[in-house]
>>> print(open('structure_35.pdb').read())   # PDB, C-alpha atoms
ATOM      1  CA  MET S   1      -5.294   2.473  40.767
ATOM      2  CA  ALA S   2      -7.285   1.247  37.822
ATOM      3  CA  GLN S   3      -6.457   2.035  34.235
ATOM      4  CA  VAL S   4      -8.927   4.465  32.671
ATOM      5  CA  GLU S   5      -9.572   4.457  28.919
ATOM      6  CA  ALA S   6     -11.424   6.793  26.577
ATOM      7  CA  THR S   7     -11.905   6.016  22.879
ATOM      8  CA  THR S   8     -13.664   7.810  20.059
ATOM      9  CA  GLU S   9     -13.555   7.533  16.288
ATOM     10  CA  ARG S  10     -14.719   9.198  13.098
ATOM     11  CA  VAL S  11     -14.683   8.428   9.387
ATOM     12  CA  VAL S  12     -13.097  11.319   7.497
ATOM     13  CA  THR S  13     -13.139  12.010   3.766
ATOM     14  CA  GLY S  14      -9.520  11.846   2.670
ATOM     15  CA  GLN S  15      -6.780   9.360   1.905
ATOM     16  CA  PRO S  16      -5.256   7.753   5.023
ATOM     17  CA  ASP S  17      -1.774   9.154   4.265
ATOM     18  CA  ASP S  18      -3.162  12.685   3.936
ATOM     19  CA  VAL S  19      -5.216  12.424   7.121
ATOM     20  CA  PHE S  20      -2.263  10.993   9.036
ATOM     21  CA  ASP S  21       0.039  13.743   7.726
ATOM     22  CA  ALA S  22      -2.453  16.371   8.936
ATOM     23  CA  LEU S  23      -2.557  14.807  12.428
ATOM     24  CA  ALA S  24       1.242  14.547  12.572
ATOM     25  CA  ASP S  25       1.677  18.215  11.555
ATOM     26  CA  TYR S  26       2.121  19.711  15.026
ATOM     27  CA  ASN S  27       3.540  22.947  13.570
ATOM     28  CA  GLY S  28       0.451  23.602  11.446
ATOM     29  CA  THR S  29      -2.700  21.522  11.309
ATOM     30  CA  ARG S  30      -2.707  20.212  14.876
ATOM     31  CA  SER S  31      -2.929  23.637  16.473
ATOM     32  CA  LYS S  32      -5.849  24.506  14.158
ATOM     33  CA  ILE S  33      -7.965  21.482  15.049
ATOM     34  CA  LEU S  34      -7.700  21.620  18.848
ATOM     35  CA  THR S  35     -10.844  22.681  20.701
ATOM     36  CA  GLU S  36     -11.220  25.338  23.388
ATOM     37  CA  HIS S  37     -10.235  22.676  25.955
ATOM     38  CA  PHE S  38      -6.586  23.058  24.895
ATOM     39  CA  SER S  39      -4.466  26.096  25.774
ATOM     40  CA  GLU S  40      -0.817  27.188  25.911
ATOM     41  CA  TYR S  41      -0.031  25.069  22.832
ATOM     42  CA  GLU S  42       3.686  25.039  22.017
ATOM     43  CA  VAL S  43       5.891  22.817  19.864
ATOM     44  CA  ARG S  44       9.188  22.529  21.746
ATOM     45  CA  GLU S  45      11.048  20.101  19.467
ATOM     46  CA  GLY S  46      10.445  18.753  15.998
ATOM     47  CA  GLY S  47       6.936  19.442  14.805
ATOM     48  CA  ASP S  48       6.261  16.677  12.296
ATOM     49  CA  GLY S  49       5.383  13.326  13.863
ATOM     50  CA  GLU S  50       8.143  11.161  15.344
ATOM     51  CA  GLY S  51      10.489  13.107  17.594
ATOM     52  CA  THR S  52       8.083  15.950  18.304
ATOM     53  CA  LEU S  53       7.828  17.329  21.832
ATOM     54  CA  VAL S  54       4.664  19.377  22.295
ATOM     55  CA  HIS S  55       3.131  21.134  25.291
ATOM     56  CA  TRP S  56      -0.457  22.088  26.056
ATOM     57  CA  LYS S  57      -2.859  22.410  28.925
ATOM     58  CA  LEU S  58      -5.976  20.270  28.688
ATOM     59  CA  GLN S  59      -8.983  21.551  30.604
ATOM     60  CA  ALA S  60     -11.219  18.507  30.946
ATOM     61  CA  THR S  61     -13.619  20.182  33.382
ATOM     62  CA  SER S  62     -13.906  23.609  34.980
ATOM     63  CA  LYS S  63     -11.692  22.382  37.840
ATOM     64  CA  ARG S  64      -9.524  19.738  36.140
ATOM     65  CA  ILE S  65      -6.591  21.057  34.087
ATOM     66  CA  ARG S  66      -3.728  18.788  33.008
ATOM     67  CA  ASP S  67      -0.340  20.265  32.120
ATOM     68  CA  CYS S  68       0.804  17.961  29.297
ATOM     69  CA  LEU S  69       4.286  17.600  27.826
ATOM     70  CA  LEU S  70       3.988  14.979  25.115
ATOM     71  CA  GLU S  71       6.659  12.953  23.356
ATOM     72  CA  VAL S  72       5.466  11.784  19.944
ATOM     73  CA  THR S  73       6.405   8.457  18.353
ATOM     74  CA  GLU S  74       5.220   6.568  15.275
ATOM     75  CA  PRO S  75       5.536   2.887  16.249
ATOM     76  CA  THR S  76       3.758   1.609  13.099
ATOM     77  CA  ASP S  77       2.401   3.021   9.838
ATOM     78  CA  GLY S  78      -0.695   5.104  10.471
ATOM     79  CA  GLU S  79      -0.131   5.260  14.235
ATOM     80  CA  LEU S  80       0.856   8.293  16.285
ATOM     81  CA  VAL S  81       1.506   7.894  20.029
ATOM     82  CA  GLU S  82       1.688  10.830  22.454
ATOM     83  CA  LYS S  83       3.199   9.959  25.861
ATOM     84  CA  ASP S  84       2.852  12.569  28.581
ATOM     85  CA  ARG S  85       6.065  13.178  30.544
ATOM     86  CA  ASN S  86       3.998  14.685  33.388
ATOM     87  CA  SER S  87       1.628  11.747  33.980
ATOM     88  CA  SER S  88       0.760   8.203  32.958
ATOM     89  CA  MET S  89      -1.441   9.460  30.104
ATOM     90  CA  VAL S  90      -0.840   7.975  26.638
ATOM     91  CA  THR S  91      -2.913   8.951  23.595
ATOM     92  CA  THR S  92      -2.802   6.810  20.456
ATOM     93  CA  TRP S  93      -4.125   7.982  17.085
ATOM     94  CA  ARG S  94      -4.730   5.309  14.429
ATOM     95  CA  VAL S  95      -5.601   6.138  10.823
ATOM     96  CA  THR S  96      -6.789   3.265   8.604
ATOM     97  CA  PRO S  97      -8.593   3.021   5.249
ATOM     98  CA  ALA S  98     -12.403   3.154   5.474
ATOM     99  CA  GLY S  99     -13.467   2.672   1.860
ATOM    100  CA  GLU S 100     -12.890   4.683  -1.285
ATOM    101  CA  GLY S 101     -11.307   8.026  -0.413
ATOM    102  CA  LYS S 102     -12.118   7.728   3.303
ATOM    103  CA  SER S 103     -10.177   7.135   6.491
ATOM    104  CA  ARG S 104     -11.138   5.914   9.943
ATOM    105  CA  VAL S 105      -9.444   7.838  12.730
ATOM    106  CA  VAL S 106      -9.528   6.226  16.173
ATOM    107  CA  VAL S 107      -8.147   8.068  19.195
ATOM    108  CA  THR S 108      -7.625   6.208  22.480
ATOM    109  CA  THR S 109      -6.316   7.727  25.700
ATOM    110  CA  VAL S 110      -5.338   5.630  28.713
ATOM    111  CA  TRP S 111      -4.009   6.627  32.121
ATOM    112  CA  ASN S 112      -3.712   5.288  35.660
ATOM    113  CA  GLY S 113      -6.742   6.543  37.542
ATOM    114  CA  ALA S 114      -7.133   7.370  41.196
ATOM    115  CA  GLY S 115      -8.034   4.783  43.789
ATOM    116  CA  GLY S 116     -11.071   4.597  46.061
ATOM    117  CA  ILE S 117     -14.337   6.405  45.490
ATOM    118  CA  GLY S 118     -12.601   9.158  43.495
ATOM    119  CA  GLY S 119     -11.242   6.504  41.165
ATOM    120  CA  PHE S 120     -14.712   5.049  40.721
ATOM    121  CA  PHE S 121     -16.086   8.414  39.622
ATOM    122  CA  GLU S 122     -13.056   9.075  37.411
ATOM    123  CA  LYS S 123     -13.427   5.715  35.668
ATOM    124  CA  THR S 124     -17.174   6.312  35.259
ATOM    125  CA  PHE S 125     -17.239   9.911  34.006
ATOM    126  CA  ALA S 126     -13.801  10.896  32.686
ATOM    127  CA  PRO S 127     -13.919   8.654  29.573
ATOM    128  CA  LYS S 128     -17.196  10.225  28.439
ATOM    129  CA  GLY S 129     -15.872  13.745  28.943
ATOM    130  CA  LEU S 130     -12.600  13.054  27.169
ATOM    131  CA  ALA S 131     -14.427  11.307  24.314
ATOM    132  CA  ARG S 132     -16.546  14.472  23.853
ATOM    133  CA  ILE S 133     -13.385  16.583  23.706
ATOM    134  CA  TYR S 134     -11.815  14.310  21.093
ATOM    135  CA  ASP S 135     -15.088  14.158  19.129
ATOM    136  CA  GLY S 136     -14.633  17.910  18.695
ATOM    137  CA  VAL S 137     -11.002  17.524  17.641
ATOM    138  CA  LEU S 138     -11.987  14.851  15.102
ATOM    139  CA  ALA S 139     -14.784  17.051  13.740
ATOM    140  CA  ASN S 140     -12.253  19.857  13.294
ATOM    141  CA  LEU S 141      -9.817  17.423  11.645
ATOM    142  CA  ALA S 142     -12.526  16.338   9.206
ATOM    143  CA  ALA S 143     -13.327  19.962   8.344
ATOM    144  CA  GLU S 144      -9.622  20.726   7.837
ATOM    145  CA  VAL S 145      -8.770  17.769   5.569
ATOM    146  CA  GLU S 146     -12.049  17.938   3.625
ATOM    147  CA  LYS S 147     -11.369  21.559   2.509
TER
END
>>> encode(input="structure_35.pdb", output="structure tokens")
Amino acid sequence: MAQVEATTERVVTGQPDDVFDALADYNGTRSKILTEHFSEYEVREGGDGEGTLVHWKLQATSKRIRDCLLEVTEPTDGELVEKDRNSSMVTTWRVTPAGEGKSRVVVTTVWNGAGGIGGFFEKTFAPKGLARIYDGVLANLAAEVEK
């Protein structure tokens, strides 16, 4: 089993604290910025950053749907980590300054991939597909915080 990683980023107009607060707002903003790939969204505990427990289904392809139950932590300033209780998947959001009135948002997801030929294809294609999904989420985030 090889580790699979998908990363994407976007520069967003907005102060880093404001952008981070929008990402950490699971009760409000987060549900608004998710793409059609996410369904059955539900905040089960908390709702604002650290201590949040959130559920959703992620449909990466027409046949691949992950049932995600994510525990949210904030290990450092500007960093939000979502660990899936149902798999090895961990998604890390980092918000850093990117010049006057702008923020860089980087989202990285890692998980233990399958072995064998299936693992080869997963490692080859899954990161691109997941990056496209998160590109959409980041575009929606930008639209939301730039209002």
>>> closest_residue(input="structure_35.pdb", among="S:Val137, S:Leu130, S:Asp67, S:Asn86", to="Val4 in chain S", atoms="only C-alpha atoms")
S:Leu130
>>> resolve_selection(input="structure_35.pdb", expression="the PyMOL selection byres ((chain S and resi 18-34) around 7)", output="list in words")
Gly14, Gln15, Pro16, Asp17, Thr35, Glu36, Phe38, Val43, Gly47, Asp48, Gly49, Gly78, Val95, Val137, Asn140, Leu141 and Val145 of chain S
>>> resolve_selection(input="structure_35.pdb", expression="the PyMOL selection byres ((chain S and resi 71) around 7)", output="PyMOL selection string")
chain S and resi 51-54+69-70+72-73+82-84
>>> closest_residue(input="structure_35.pdb", among="S:Val81, S:Val106, S:Ile65, S:Leu58", to="Asp135 in chain S", atoms="only C-alpha atoms")
S:Val106
>>> closest_residue(input="structure_35.pdb", among="S:His37, S:Val11, S:Thr108, S:Ala2", to="Thr96 in chain S", atoms="all atoms listed in the file")
S:Val11
>>> closest_residue(input="structure_35.pdb", among="S:Ala60, S:Val12, S:Ile133, S:Ala139", to="Glu100 in chain S", atoms="all atoms listed in the file")
S:Val12
>>> closest_residue(input="structure_35.pdb", among="S:Arg64, S:Pro75, S:Lys57, S:Glu9", to="Tyr41 in chain S", atoms="all atoms listed in the file")
S:Lys57
>>> axis_aligned_box(input="structure_35.pdb", around="range 90-99 of chain S", padding_each_side="4 Å", output="JSON")
{"center_x": -7.2, "center_y": 5.8, "center_z": 14.2, "size_x": 20.6, "size_y": 14.3, "size_z": 32.8}
>>> atom_distance(input="structure_35.pdb", atom1="CA of Thr91 in chain S", atom2="CA of Val110 in chain S")
6.6 Å
>>> closest_residue(input="structure_35.pdb", among="S:Gly99, S:Ser62, S:Thr76, S:Cys68", to="Glu42 in chain S", atoms="all atoms listed in the file")
S:Cys68
>>> resolve_selection(input="structure_35.pdb", expression="the PyMOL selection byres ((chain S and resi 5) around 10)", output="PyMOL selection string")
chain S and resi 2-4+6-7+89-91+108-113+123+126-128+130-131
>>> atom_distance(input="structure_35.pdb", atom1="CA of Glu79 in chain S", atom2="CA of Leu138 in chain S")
15.3 Å
>>> atom_distance(input="structure_35.pdb", atom1="CA of Arg85 in chain S", atom2="CA of Thr61 in chain S")
21.1 Å
